[in-house]
Every structure is written in C-alpha cells, then in structure tokens.
file work_3.pdb (PDB, C-alpha atoms, pLDDT in the B column)
MODEL        1
ATOM      1  CA  ILE A   1     -24.784 118.772 -14.492  1.00 89.00           C
ATOM      2  CA  ASP A   2     -23.296 117.640 -11.167  1.00 91.00           C
ATOM      3  CA  VAL A   3     -19.538 117.216 -10.851  1.00 94.00           C
ATOM      4  CA  TRP A   4     -17.398 115.293  -8.349  1.00 93.00           C
ATOM      5  CA  LEU A   5     -13.672 114.611  -8.183  1.00 93.00           C
ATOM      6  CA  SER A   6     -12.332 111.100  -8.668  1.00 93.00           C
ATOM      7  CA  LYS A   7      -9.515 109.738  -6.510  1.00 92.00           C
ATOM      8  CA  ASP A   8      -6.955 111.125  -8.981  1.00 95.00           C
ATOM      9  CA  LYS A   9      -8.739 114.523  -9.020  1.00 95.00           C
ATOM     10  CA  VAL A  10     -10.445 114.222 -12.406  1.00 96.00           C
ATOM     11  CA  PRO A  11     -13.862 115.968 -12.616  1.00 96.00           C
ATOM     12  CA  ILE A  12     -16.580 113.332 -13.110  1.00 94.00           C
ATOM     13  CA  VAL A  13     -20.154 114.081 -14.220  1.00 93.00           C
ATOM     14  CA  ILE A  14     -22.701 112.202 -12.148  1.00 87.00           C
ATOM     15  CA  HIS A  15     -25.526 113.064  -9.753  1.00 81.00           C
ATOM     16  CA  GLY A  16     -24.580 110.910  -6.785  1.00 71.00           C
ATOM     17  CA  LEU A  17     -25.928 111.159  -3.258  1.00 67.00           C
ATOM     18  CA  LEU A  18     -25.467 114.519  -1.582  1.00 60.00           C
ATOM     19  CA  HIS A  19     -22.638 114.099   0.885  1.00 63.00           C
ATOM     20  CA  PRO A  20     -20.260 117.074   1.076  1.00 60.00           C
ATOM     21  CA  TYR A  21     -17.007 115.228   0.451  1.00 61.00           C
ATOM     22  CA  GLN A  22     -17.933 111.824  -0.987  1.00 66.00           C
ATOM     23  CA  GLY A  23     -19.712 111.007  -4.246  1.00 70.00           C
ATOM     24  CA  PHE A  24     -21.664 107.845  -3.507  1.00 73.00           C
ATOM     25  CA  VAL A  25     -23.391 106.349  -6.559  1.00 73.00           C
ATOM     26  CA  GLU A  26     -25.285 103.158  -7.241  1.00 71.00           C
ATOM     27  CA  LEU A  27     -23.284 101.092  -9.704  1.00 70.00           C
ATOM     28  CA  GLU A  28     -23.996  97.665 -11.111  1.00 69.00           C
ATOM     29  CA  ASN A  29     -21.947  96.082  -8.336  1.00 70.00           C
ATOM     30  CA  GLY A  30     -23.458  98.146  -5.516  1.00 74.00           C
ATOM     31  CA  LYS A  31     -22.847 101.526  -3.934  1.00 78.00           C
ATOM     32  CA  GLN A  32     -19.389 102.973  -4.557  1.00 80.00           C
ATOM     33  CA  ASN A  33     -17.613 106.202  -3.626  1.00 85.00           C
ATOM     34  CA  ILE A  34     -16.272 108.046  -6.678  1.00 84.00           C
ATOM     35  CA  SER A  35     -13.707 109.894  -4.571  1.00 86.00           C
ATOM     36  CA  GLU A  36     -12.019 106.541  -3.888  1.00 88.00           C
ATOM     37  CA  ILE A  37     -11.802 105.386  -7.532  1.00 90.00           C
ATOM     38  CA  ASP A  38      -9.411 106.633 -10.235  1.00 93.00           C
ATOM     39  CA  ALA A  39     -11.048 108.097 -13.349  1.00 93.00           C
ATOM     40  CA  GLY A  40      -9.585 105.383 -15.576  1.00 91.00           C
ATOM     41  CA  ASN A  41     -11.102 102.655 -13.435  1.00 89.00           C
ATOM     42  CA  LEU A  42     -14.515 104.325 -13.445  1.00 87.00           C
ATOM     43  CA  LYS A  43     -14.712 103.439 -17.135  1.00 83.00           C
ATOM     44  CA  ASN A  44     -15.052  99.807 -16.048  1.00 82.00           C
ATOM     45  CA  TYR A  45     -18.213 100.544 -14.079  1.00 82.00           C
ATOM     46  CA  THR A  46     -21.797 100.792 -15.288  1.00 80.00           C
ATOM     47  CA  LEU A  47     -24.647 102.652 -13.629  1.00 77.00           C
ATOM     48  CA  GLU A  48     -27.827 100.860 -12.579  1.00 74.00           C
ATOM     49  CA  ASN A  49     -29.529 102.036 -15.789  1.00 76.00           C
ATOM     50  CA  GLY A  50     -26.744 100.555 -17.926  1.00 80.00           C
ATOM     51  CA  GLU A  51     -25.099 103.865 -18.841  1.00 82.00           C
ATOM     52  CA  LYS A  52     -21.389 104.578 -18.572  1.00 86.00           C
ATOM     53  CA  ILE A  53     -19.809 107.310 -16.455  1.00 89.00           C
ATOM     54  CA  LEU A  54     -18.453 110.403 -18.238  1.00 93.00           C
ATOM     55  CA  THR A  55     -15.678 112.772 -17.311  1.00 96.00           C
ATOM     56  CA  LEU A  56     -16.360 116.501 -17.485  1.00 97.00           C
ATOM     57  CA  ALA A  57     -14.004 116.718 -20.460  1.00 97.00           C
ATOM     58  CA  GLU A  58     -16.076 114.147 -22.400  1.00 96.00           C
ATOM     59  CA  THR A  59     -19.283 115.967 -21.505  1.00 95.00           C
ATOM     60  CA  LEU A  60     -17.932 119.314 -22.672  1.00 97.00           C
ATOM     61  CA  ASP A  61     -16.819 117.768 -25.955  1.00 96.00           C
ATOM     62  CA  ALA A  62     -20.407 116.645 -26.576  1.00 93.00           C
ATOM     63  CA  CYS A  63     -21.901 120.038 -25.677  1.00 90.00           C
ATOM     64  CA  LYS A  64     -19.407 122.475 -27.200  1.00 92.00           C
ATOM     65  CA  GLY A  65     -21.164 124.964 -29.417  1.00 89.00           C
ATOM     66  CA  GLN A  66     -24.524 123.314 -28.717  1.00 84.00           C
ATOM     67  CA  ILE A  67     -25.892 124.302 -25.299  1.00 80.00           C
ATOM     68  CA  SER A  68     -24.942 126.255 -22.194  1.00 82.00           C
ATOM     69  CA  LEU A  69     -24.212 124.266 -19.040  1.00 87.00           C
ATOM     70  CA  ASN A  70     -24.860 124.893 -15.368  1.00 89.00           C
ATOM     71  CA  ILE A  71     -22.038 123.027 -13.592  1.00 95.00           C
ATOM     72  CA  GLU A  72     -22.865 122.262  -9.970  1.00 94.00           C
ATOM     73  CA  PHE A  73     -19.933 121.650  -7.642  1.00 95.00           C
ATOM     74  CA  LYS A  74     -21.448 118.647  -5.887  1.00 91.00           C
ATOM     75  CA  ASP A  75     -18.094 117.871  -4.298  1.00 90.00           C
ATOM     76  CA  TRP A  76     -17.411 120.463  -1.593  1.00 88.00           C
ATOM     77  CA  ARG A  77     -13.622 120.257  -1.538  1.00 90.00           C
ATOM     78  CA  GLY A  78     -12.199 123.591  -2.677  1.00 92.00           C
ATOM     79  CA  GLU A  79      -9.880 121.992  -5.213  1.00 95.00           C
ATOM     80  CA  ILE A  80     -12.859 120.992  -7.357  1.00 96.00           C
ATOM     81  CA  VAL A  81     -13.093 124.612  -8.502  1.00 97.00           C
ATOM     82  CA  ASP A  82      -9.489 124.548  -9.714  1.00 97.00           C
ATOM     83  CA  ARG A  83      -9.811 121.210 -11.497  1.00 98.00           C
ATOM     84  CA  VAL A  84     -13.093 122.118 -13.200  1.00 98.00           C
ATOM     85  CA  LEU A  85     -11.698 125.457 -14.392  1.00 98.00           C
ATOM     86  CA  ASP A  86      -8.681 123.594 -15.777  1.00 98.00           C
ATOM     87  CA  VAL A  87     -10.955 121.472 -17.971  1.00 98.00           C
ATOM     88  CA  VAL A  88     -13.275 124.307 -19.033  1.00 98.00           C
ATOM     89  CA  GLN A  89     -10.289 126.478 -19.971  1.00 97.00           C
ATOM     90  CA  GLU A  90      -8.657 123.653 -21.895  1.00 97.00           C
ATOM     91  CA  LYS A  91     -11.864 123.179 -23.899  1.00 97.00           C
ATOM     92  CA  ASN A  92     -12.145 126.950 -24.467  1.00 96.00           C
ATOM     93  CA  MET A  93     -15.710 126.975 -23.097  1.00 96.00           C
ATOM     94  CA  LEU A  94     -15.608 129.645 -20.383  1.00 96.00           C
ATOM     95  CA  GLY A  95     -18.360 131.566 -22.147  1.00 93.00           C
ATOM     96  CA  GLN A  96     -20.612 128.528 -22.291  1.00 92.00           C
ATOM     97  CA  VAL A  97     -20.810 127.615 -18.591  1.00 93.00           C
ATOM     98  CA  SER A  98     -21.954 128.939 -15.233  1.00 92.00           C
ATOM     99  CA  PHE A  99     -21.429 127.394 -11.806  1.00 95.00           C
ATOM    100  CA  SER A 100     -23.501 126.643  -8.712  1.00 95.00           C
ATOM    101  CA  SER A 101     -23.288 124.887  -5.355  1.00 94.00           C
ATOM    102  CA  PHE A 102     -24.928 124.394  -1.974  1.00 91.00           C
ATOM    103  CA  ASN A 103     -21.513 125.327  -0.560  1.00 91.00           C
ATOM    104  CA  TYR A 104     -21.456 129.121  -0.741  1.00 91.00           C
ATOM    105  CA  TYR A 105     -17.781 129.288   0.245  1.00 92.00           C
ATOM    106  CA  LEU A 106     -16.885 127.923  -3.180  1.00 95.00           C
ATOM    107  CA  ARG A 107     -17.877 131.333  -4.592  1.00 95.00           C
ATOM    108  CA  LYS A 108     -14.762 132.781  -2.886  1.00 94.00           C
ATOM    109  CA  ARG A 109     -12.607 130.043  -4.370  1.00 96.00           C
ATOM    110  CA  LEU A 110     -14.059 130.676  -7.830  1.00 96.00           C
ATOM    111  CA  THR A 111     -13.448 134.429  -7.544  1.00 95.00           C
ATOM    112  CA  ARG A 112      -9.890 133.900  -6.381  1.00 95.00           C
ATOM    113  CA  GLU A 113      -9.121 131.503  -9.211  1.00 96.00           C
ATOM    114  CA  THR A 114     -10.616 133.679 -11.942  1.00 96.00           C
ATOM    115  CA  VAL A 115      -8.577 136.657 -10.691  1.00 96.00           C
ATOM    116  CA  ARG A 116      -5.398 134.574 -10.475  1.00 97.00           C
ATOM    117  CA  ARG A 117      -5.921 133.230 -13.991  1.00 96.00           C
ATOM    118  CA  LYS A 118      -6.903 136.681 -15.300  1.00 97.00           C
ATOM    119  CA  LEU A 119     -10.294 135.441 -16.504  1.00 95.00           C
ATOM    120  CA  GLU A 120     -13.560 137.313 -16.893  1.00 93.00           C
ATOM    121  CA  PRO A 121     -15.829 136.997 -13.805  1.00 92.00           C
ATOM    122  CA  MET A 122     -17.905 133.793 -13.810  1.00 94.00           C
ATOM    123  CA  SER A 123     -21.544 133.470 -12.744  1.00 93.00           C
ATOM    124  CA  PHE A 124     -22.216 131.513  -9.547  1.00 95.00           C
ATOM    125  CA  GLY A 125     -25.603 130.141  -8.490  1.00 94.00           C
ATOM    126  CA  TYR A 126     -26.423 130.004  -4.770  1.00 94.00           C
ATOM    127  CA  ILE A 127     -28.648 126.927  -4.405  1.00 92.00           C
ATOM    128  CA  SER A 128     -31.513 126.984  -1.913  1.00 87.00           C
ATOM    129  CA  SER A 129     -33.667 123.879  -1.392  1.00 83.00           C
ATOM    130  CA  SER A 130     -36.804 123.071   0.592  1.00 78.00           C
ATOM    131  CA  VAL A 131     -34.515 121.779   3.349  1.00 79.00           C
ATOM    132  CA  PHE A 132     -31.455 124.022   2.952  1.00 79.00           C
ATOM    133  CA  ARG A 133     -33.282 127.371   2.859  1.00 78.00           C
ATOM    134  CA  MET A 134     -30.313 129.682   3.331  1.00 81.00           C
ATOM    135  CA  PHE A 135     -29.991 132.606   0.981  1.00 84.00           C
ATOM    136  CA  PRO A 136     -26.609 134.196   0.284  1.00 87.00           C
ATOM    137  CA  ASN A 137     -24.938 136.989   2.155  1.00 86.00           C
ATOM    138  CA  TYR A 138     -25.444 139.677  -0.462  1.00 89.00           C
ATOM    139  CA  THR A 139     -22.201 141.440   0.413  1.00 86.00           C
ATOM    140  CA  THR A 140     -20.376 138.469  -1.124  1.00 83.00           C
ATOM    141  CA  THR A 141     -22.376 138.143  -4.339  1.00 90.00           C
ATOM    142  CA  SER A 142     -21.055 139.379  -7.666  1.00 89.00           C
ATOM    143  CA  PRO A 143     -22.736 140.773 -10.814  1.00 85.00           C
ATOM    144  CA  GLY A 144     -24.205 137.918 -12.829  1.00 88.00           C
ATOM    145  CA  ASP A 145     -24.766 135.662  -9.834  1.00 94.00           C
ATOM    146  CA  THR A 146     -28.067 133.814  -9.393  1.00 93.00           C
ATOM    147  CA  ILE A 147     -30.159 132.252  -6.647  1.00 92.00           C
ATOM    148  CA  ASN A 148     -31.290 128.751  -7.665  1.00 92.00           C
ATOM    149  CA  VAL A 149     -34.432 127.947  -5.669  1.00 90.00           C
ATOM    150  CA  ASP A 150     -36.110 124.569  -5.152  1.00 91.00           C
ATOM    151  CA  ILE A 151     -39.756 124.744  -6.323  1.00 91.00           C
ATOM    152  CA  ARG A 152     -40.762 122.933  -3.097  1.00 90.00           C
ATOM    153  CA  PHE A 153     -39.629 125.982  -1.127  1.00 87.00           C
ATOM    154  CA  MET A 154     -42.385 127.977  -2.826  1.00 83.00           C
ATOM    155  CA  GLU A 155     -44.957 125.288  -2.016  1.00 83.00           C
ATOM    156  CA  LYS A 156     -44.031 124.829   1.632  1.00 85.00           C
ATOM    157  CA  ASP A 157     -43.572 128.467   2.632  1.00 85.00           C
ATOM    158  CA  PRO A 158     -44.803 130.848  -0.080  1.00 85.00           C
ATOM    159  CA  GLU A 159     -44.514 133.945   2.134  1.00 88.00           C
ATOM    160  CA  ALA A 160     -40.860 133.333   3.005  1.00 85.00           C
ATOM    161  CA  TRP A 161     -40.141 132.299  -0.581  1.00 85.00           C
ATOM    162  CA  SER A 162     -41.610 135.515  -1.976  1.00 84.00           C
ATOM    163  CA  LYS A 163     -39.776 137.668   0.588  1.00 86.00           C
ATOM    164  CA  ASN A 164     -36.402 136.071  -0.106  1.00 85.00           C
ATOM    165  CA  VAL A 165     -36.801 136.110  -3.873  1.00 85.00           C
ATOM    166  CA  ASN A 166     -37.730 139.799  -3.842  1.00 87.00           C
ATOM    167  CA  GLU A 167     -34.728 140.553  -1.645  1.00 89.00           C
ATOM    168  CA  ALA A 168     -32.449 138.693  -4.073  1.00 89.00           C
ATOM    169  CA  LYS A 169     -33.859 140.716  -6.978  1.00 88.00           C
ATOM    170  CA  LYS A 170     -33.172 143.965  -5.101  1.00 90.00           C
ATOM    171  CA  HIS A 171     -29.531 142.961  -4.917  1.00 91.00           C
ATOM    172  CA  GLY A 172     -29.387 142.291  -8.640  1.00 90.00           C
ATOM    173  CA  LEU A 173     -29.418 138.473  -8.575  1.00 92.00           C
ATOM    174  CA  MET A 174     -31.261 136.570 -11.284  1.00 92.00           C
ATOM    175  CA  ILE A 175     -33.769 133.981 -10.039  1.00 92.00           C
ATOM    176  CA  LYS A 176     -33.627 130.401 -11.276  1.00 91.00           C
ATOM    177  CA  VAL A 177     -36.115 127.744 -10.138  1.00 91.00           C
ATOM    178  CA  TRP A 178     -35.217 124.057 -10.261  1.00 90.00           C
ATOM    179  CA  PHE A 179     -37.439 120.992 -10.062  1.00 90.00           C
ATOM    180  CA  PRO A 180     -36.405 117.784  -8.271  1.00 86.00           C
ATOM    181  CA  ILE A 181     -36.901 114.609 -10.273  1.00 81.00           C
ATOM    182  CA  ILE A 182     -39.751 113.453  -7.984  1.00 82.00           C
ATOM    183  CA  PHE A 183     -42.272 115.706  -9.762  1.00 81.00           C
ATOM    184  CA  GLU A 184     -44.622 113.908 -12.146  1.00 81.00           C
ATOM    185  CA  SER A 185     -45.317 117.146 -14.009  1.00 84.00           C
ATOM    186  CA  GLU A 186     -43.732 120.584 -13.930  1.00 90.00           C
ATOM    187  CA  ILE A 187     -45.801 122.392 -16.541  1.00 89.00           C
ATOM    188  CA  GLU A 188     -48.634 123.289 -14.173  1.00 89.00           C
ATOM    189  CA  TYR A 189     -46.210 125.563 -12.298  1.00 90.00           C
ATOM    190  CA  TYR A 190     -44.855 127.480 -15.269  1.00 90.00           C
ATOM    191  CA  GLU A 191     -47.555 130.133 -15.575  1.00 87.00           C
ATOM    192  CA  GLU A 192     -47.248 131.093 -11.898  1.00 86.00           C
ATOM    193  CA  LEU A 193     -43.462 131.256 -12.164  1.00 88.00           C
ATOM    194  CA  MET A 194     -43.740 133.606 -15.131  1.00 86.00           C
ATOM    195  CA  LYS A 195     -46.102 135.858 -13.157  1.00 84.00           C
ATOM    196  CA  ILE A 196     -43.626 136.001 -10.288  1.00 82.00           C
ATOM    197  CA  GLY A 197     -40.899 137.054 -12.690  1.00 84.00           C
ATOM    198  CA  VAL A 198     -38.556 134.092 -12.488  1.00 88.00           C
ATOM    199  CA  HIS A 199     -35.710 134.484 -14.973  1.00 88.00           C
ATOM    200  CA  THR A 200     -34.923 130.824 -15.668  1.00 87.00           C
ATOM    201  CA  ILE A 201     -36.481 127.386 -15.146  1.00 87.00           C
ATOM    202  CA  ILE A 202     -34.198 124.376 -14.736  1.00 85.00           C
ATOM    203  CA  THR A 203     -36.239 121.421 -15.922  1.00 83.00           C
ATOM    204  CA  ASN A 204     -36.173 117.627 -16.006  1.00 81.00           C
ATOM    205  CA  GLU A 205     -38.797 117.643 -18.800  1.00 83.00           C
ATOM    206  CA  PRO A 206     -37.021 119.421 -21.662  1.00 79.00           C
ATOM    207  CA  LEU A 207     -39.296 118.274 -24.489  1.00 83.00           C
ATOM    208  CA  GLU A 208     -42.526 119.158 -22.690  1.00 87.00           C
ATOM    209  CA  ALA A 209     -41.041 122.454 -21.525  1.00 85.00           C
ATOM    210  CA  LEU A 210     -39.875 123.331 -25.042  1.00 84.00           C
ATOM    211  CA  ASP A 211     -43.372 122.811 -26.392  1.00 88.00           C
ATOM    212  CA  TYR A 212     -44.875 124.958 -23.645  1.00 88.00           C
ATOM    213  CA  PHE A 213     -42.476 127.883 -23.941  1.00 84.00           C
ATOM    214  CA  GLU A 214     -42.506 127.828 -27.723  1.00 85.00           C
ATOM    215  CA  SER A 215     -46.282 128.199 -27.566  1.00 86.00           C
ATOM    216  CA  LYS A 216     -45.815 131.185 -25.238  1.00 78.00           C
ATOM    217  CA  ARG A 217     -42.913 132.582 -27.303  1.00 70.00           C
ATOM    218  CA  LEU A 218     -40.772 132.567 -24.157  1.00 61.00           C
ATOM    219  CA  ILE A 219     -38.222 129.937 -25.094  1.00 56.00           C
ATOM    220  CA  GLY A 220     -35.358 132.011 -23.635  1.00 55.00           C
ATOM    221  CA  MET A 221     -36.385 131.103 -20.055  1.00 53.00           C
ATOM    222  CA  LEU A 222     -35.493 127.474 -20.364  1.00 53.00           C
ATOM    223  CA  VAL A 223     -32.338 125.741 -19.152  1.00 54.00           C
TER     224      VAL A 223
ENDMDL
END
call {"tool": "encode", "arguments": {"input": "work_3.pdb", "output": "structure tokens"}}
result
Amino acid sequence: IDVWLSKDKVPIVIHGLLHPYQGFVELENGKQNISEIDAGNLKNYTLENGEKILTLAETLDACKGQISLNIEFKDWRGEIVDRVLDVVQEKNMLGQVSFSSFNYYLRKRLTRETVRRKLEPMSFGYISSSVFRMFPNYTTTSPGDTINVDIRFMEKDPEAWSKNVNEAKKHGLMIKVWFPIIFESEIEYYEELMKIGVHTIITNEPLEALDYFESKRLIGMLV
C-alpha cells in the first residue's frame, strides 16, 4: 500500500502520481493534491472509481491479524516515517508490516526512529524500477532489508538485472519482484522467477497467483 501525508500530517492510503512531495490523485472533481487537504475533508471526496479514501489507521484496522502489509513511503518528506510509525505503534502492528520507498534516505530516518523509540529493527525495501535502476549502497542496508525490483527491469536489461540481483543476495538482501498494473498477465513470468530464486512476488492478480502457487505448493512466496 502507498502512503502520503495529508495537509494535517495524517497518513493517507492511496496510490497517487509519483511526485516526491505532492500526492496528486484523480478525484471526482478533478486532480487534487492530498498534501493540501486535511484528512477530515478527504472524506468528502470520491475517487474516479467511486471508492472513498482511507487513512492508514482505517486500513490497519481492516488488516489486523489478517495479512502482512508492505507500506511504501510514497511521500518523500522525512516526517512521513514518524507519522506512519505513530499509527502502526498505536495499532500494535509492528510485527505485521514492512516498509519500502524509492527514497533510500528514508531508511536512515526509519533506523533513527526505531532506535529512539526502542523498537525492534524494521525491514526496509529499496525499490528499483525500469526507469529508476539504482540499487542501494550496501554499507547502509540492515539485516532483513529487501530489494524490490520492477519486472520490466529484467525484461529490458536481463544481464544488468541478474548482476545486480546476485550482488544484492551476496549482501544478504531478500529479492522481491513487483509488477506494474499495465501487465495483462503476470503468471507467465512466475516459473522463471522461481528459477532465479526470487524470494517474494508482489502481485496485482492475487486470485490467479494464489491458484498458481497453491498448485506448486509454494504459497509462501506471495505478497
């Protein structure tokens, strides 16, 4: 799930358009910037598909004890780490979440906050896409961290993809592969990903993926 901060610094769950410090979304009355709207007022808006906007707290209430969540800091302001940890701590769900971001500097903020709050270390996913191909500086990674790679990276430059993934494994990072929503089908890639040794697949087709991995008795790979 992607999280932004509202104007009054409440974590909001929505995909939005990737802009480092502004969460633009298409609402029923046109494009709006979440960072300029208070959380209470967001309840008056409806997305293009007719759905309402949820806070992170509401989302965690629905998921508690049910599934694990990968929370992506889509908002790049450092304070998002603090505000999200506030909510996750309040809901007593620290053991049910991991974090990720395209902004690798947020790993330092997360580490600092967990130490200050005397929490167990939290997993952080370094996201690499077909456009943003950077891999982390391994001197800054921590045990339990992951590299979350765009499947299109593998398609466009398989040699570089394989080299970087193997390097990440050498440094003890788990490998997660994510699919953008533009793919008509993901299943055709699964067998190759298993051969490569990917640890986790982040999917937009949960029902189809469940059927596939249940048939292979590998259901633990799926997120």
call {"tool": "residues_around", "arguments": {"input": "work_3.pdb", "residues": "Pro136 in chain A", "least_positions_apart": "3", "cutoff": "12 Å", "atoms": "all atoms listed in the file", "output": "PyMOL selection string"}}
result
chain A and resi 101-105+107+124-128+132-133+139-142+145-149+164-165+167-168+171+173
call {"tool": "closest_residue", "arguments": {"input": "work_3.pdb", "among": "A:Gly16, A:Gly50, A:Gly144, A:Gly197", "to": "Gly172 in chain A", "atoms": "all atoms listed in the file"}}
result
A:Gly144
call {"tool": "resolve_selection", "arguments": {"input": "work_3.pdb", "expression": "the PyMOL selection byres ((chain A and resi 23) around 6)", "output": "PyMOL selection string"}}
result
chain A and resi 16+22+24+33-34
call {"tool": "closest_residue", "arguments": {"input": "work_3.pdb", "among": "A:Val198, A:Val13, A:Val177, A:Ser185", "to": "Thr59 in chain A", "atoms": "only C-alpha atoms"}}
result
A:Val13
call {"tool": "atom_distance", "arguments": {"input": "work_3.pdb", "atom1": "CA of Val88 in chain A", "atom2": "CA of Phe179 in chain A"}}
result
26.0 Å
call {"tool": "axis_aligned_box", "arguments": {"input": "work_3.pdb", "around": "range 41-54 of chain A", "padding_each_side": "4 Å", "output": "lines of an AutoDock Vina configuration file"}}
result
center_x = -20.3
center_y = 105.1
center_z = -15.7
size_x = 26.4
size_y = 18.6
size_z = 14.3
call {"tool": "closest_residue", "arguments": {"input": "work_3.pdb", "among": "A:Glu155, A:Met194, A:Ala39, A:Leu119", "to": "Lys7 in chain A", "atoms": "all atoms listed in the file"}}
result
A:Ala39
call {"tool": "resolve_selection", "arguments": {"input": "work_3.pdb", "expression": "the PyMOL selection byres ((chain A and resi 93) around 10)", "output": "ChimeraX atom specification"}}
result
/A:60-61,63-65,68-69,85,87-92,94-97
call {"tool": "atom_distance", "arguments": {"input": "work_3.pdb", "atom1": "CA of Gly78 in chain A", "atom2": "CA of Arg109 in chain A"}}
result
6.7 Å
call {"tool": "atom_distance", "arguments": {"input": "work_3.pdb", "atom1": "CA of Glu214 in chain A", "atom2": "CA of Glu184 in chain A"}}
result
21.0 Å
call {"tool": "resolve_selection", "arguments": {"input": "work_3.pdb", "expression": "the PyMOL selection byres ((chain A and resi 42) around 10)", "output": "ChimeraX atom specification"}}
result
/A:6,12,34,37-41,43-46,52-55
call {"tool": "build_atoms", "arguments": {"input": "work_3.pdb", "residues": "range 111-124 of chain A", "atoms": "N, CA and C atoms", "output": "JSON list (two decimals), keeping the file's coordinate frame"}}
result
[["chain", "number", "residue", "atom", "x", "y", "z"],
["A", 111, "THR", "N", -13.90, 133.05, -7.33],
["A", 111, "THR", "CA", -13.45, 134.43, -7.54],
["A", 111, "THR", "C", -11.93, 134.51, -7.51],
["A", 112, "ARG", "N", -11.35, 133.86, -6.51],
["A", 112, "ARG", "CA", -9.89, 133.90, -6.38],
["A", 112, "ARG", "C", -9.20, 133.30, -7.60],
["A", 113, "GLU", "N", -9.74, 132.18, -8.08],
["A", 113, "GLU", "CA", -9.12, 131.50, -9.21],
["A", 113, "GLU", "C", -9.27, 132.29, -10.51],
["A", 114, "THR", "N", -10.44, 132.91, -10.71],
["A", 114, "THR", "CA", -10.62, 133.68, -11.94],
["A", 114, "THR", "C", -9.69, 134.90, -11.95],
["A", 115, "VAL", "N", -9.50, 135.52, -10.78],
["A", 115, "VAL", "CA", -8.58, 136.66, -10.69],
["A", 115, "VAL", "C", -7.15, 136.19, -10.94],
["A", 116, "ARG", "N", -6.77, 135.08, -10.32],
["A", 116, "ARG", "CA", -5.40, 134.57, -10.48],
["A", 116, "ARG", "C", -5.10, 134.20, -11.91],
["A", 117, "ARG", "N", -6.11, 133.66, -12.61],
["A", 117, "ARG", "CA", -5.92, 133.23, -13.99],
["A", 117, "ARG", "C", -6.20, 134.36, -14.99],
["A", 118, "LYS", "N", -6.60, 135.52, -14.46],
["A", 118, "LYS", "CA", -6.90, 136.68, -15.30],
["A", 118, "LYS", "C", -8.05, 136.38, -16.27],
["A", 119, "LEU", "N", -9.11, 135.78, -15.73],
["A", 119, "LEU", "CA", -10.29, 135.44, -16.50],
["A", 119, "LEU", "C", -11.40, 136.45, -16.23],
["A", 120, "GLU", "N", -12.37, 136.51, -17.13],
["A", 120, "GLU", "CA", -13.56, 137.31, -16.89],
["A", 120, "GLU", "C", -14.34, 136.71, -15.72],
["A", 121, "PRO", "N", -15.05, 137.53, -14.93],
["A", 121, "PRO", "CA", -15.83, 137.00, -13.80],
["A", 121, "PRO", "C", -16.82, 135.94, -14.28],
["A", 122, "MET", "N", -17.00, 134.88, -13.47],
["A", 122, "MET", "CA", -17.90, 133.79, -13.81],
["A", 122, "MET", "C", -19.15, 133.86, -12.93],
["A", 123, "SER", "N", -20.29, 133.48, -13.49],
["A", 123, "SER", "CA", -21.54, 133.47, -12.74],
["A", 123, "SER", "C", -21.58, 132.29, -11.78],
["A", 124, "PHE", "N", -22.09, 132.56, -10.57],
["A", 124, "PHE", "CA", -22.22, 131.51, -9.55],
["A", 124, "PHE", "C", -23.65, 131.49, -9.05]]
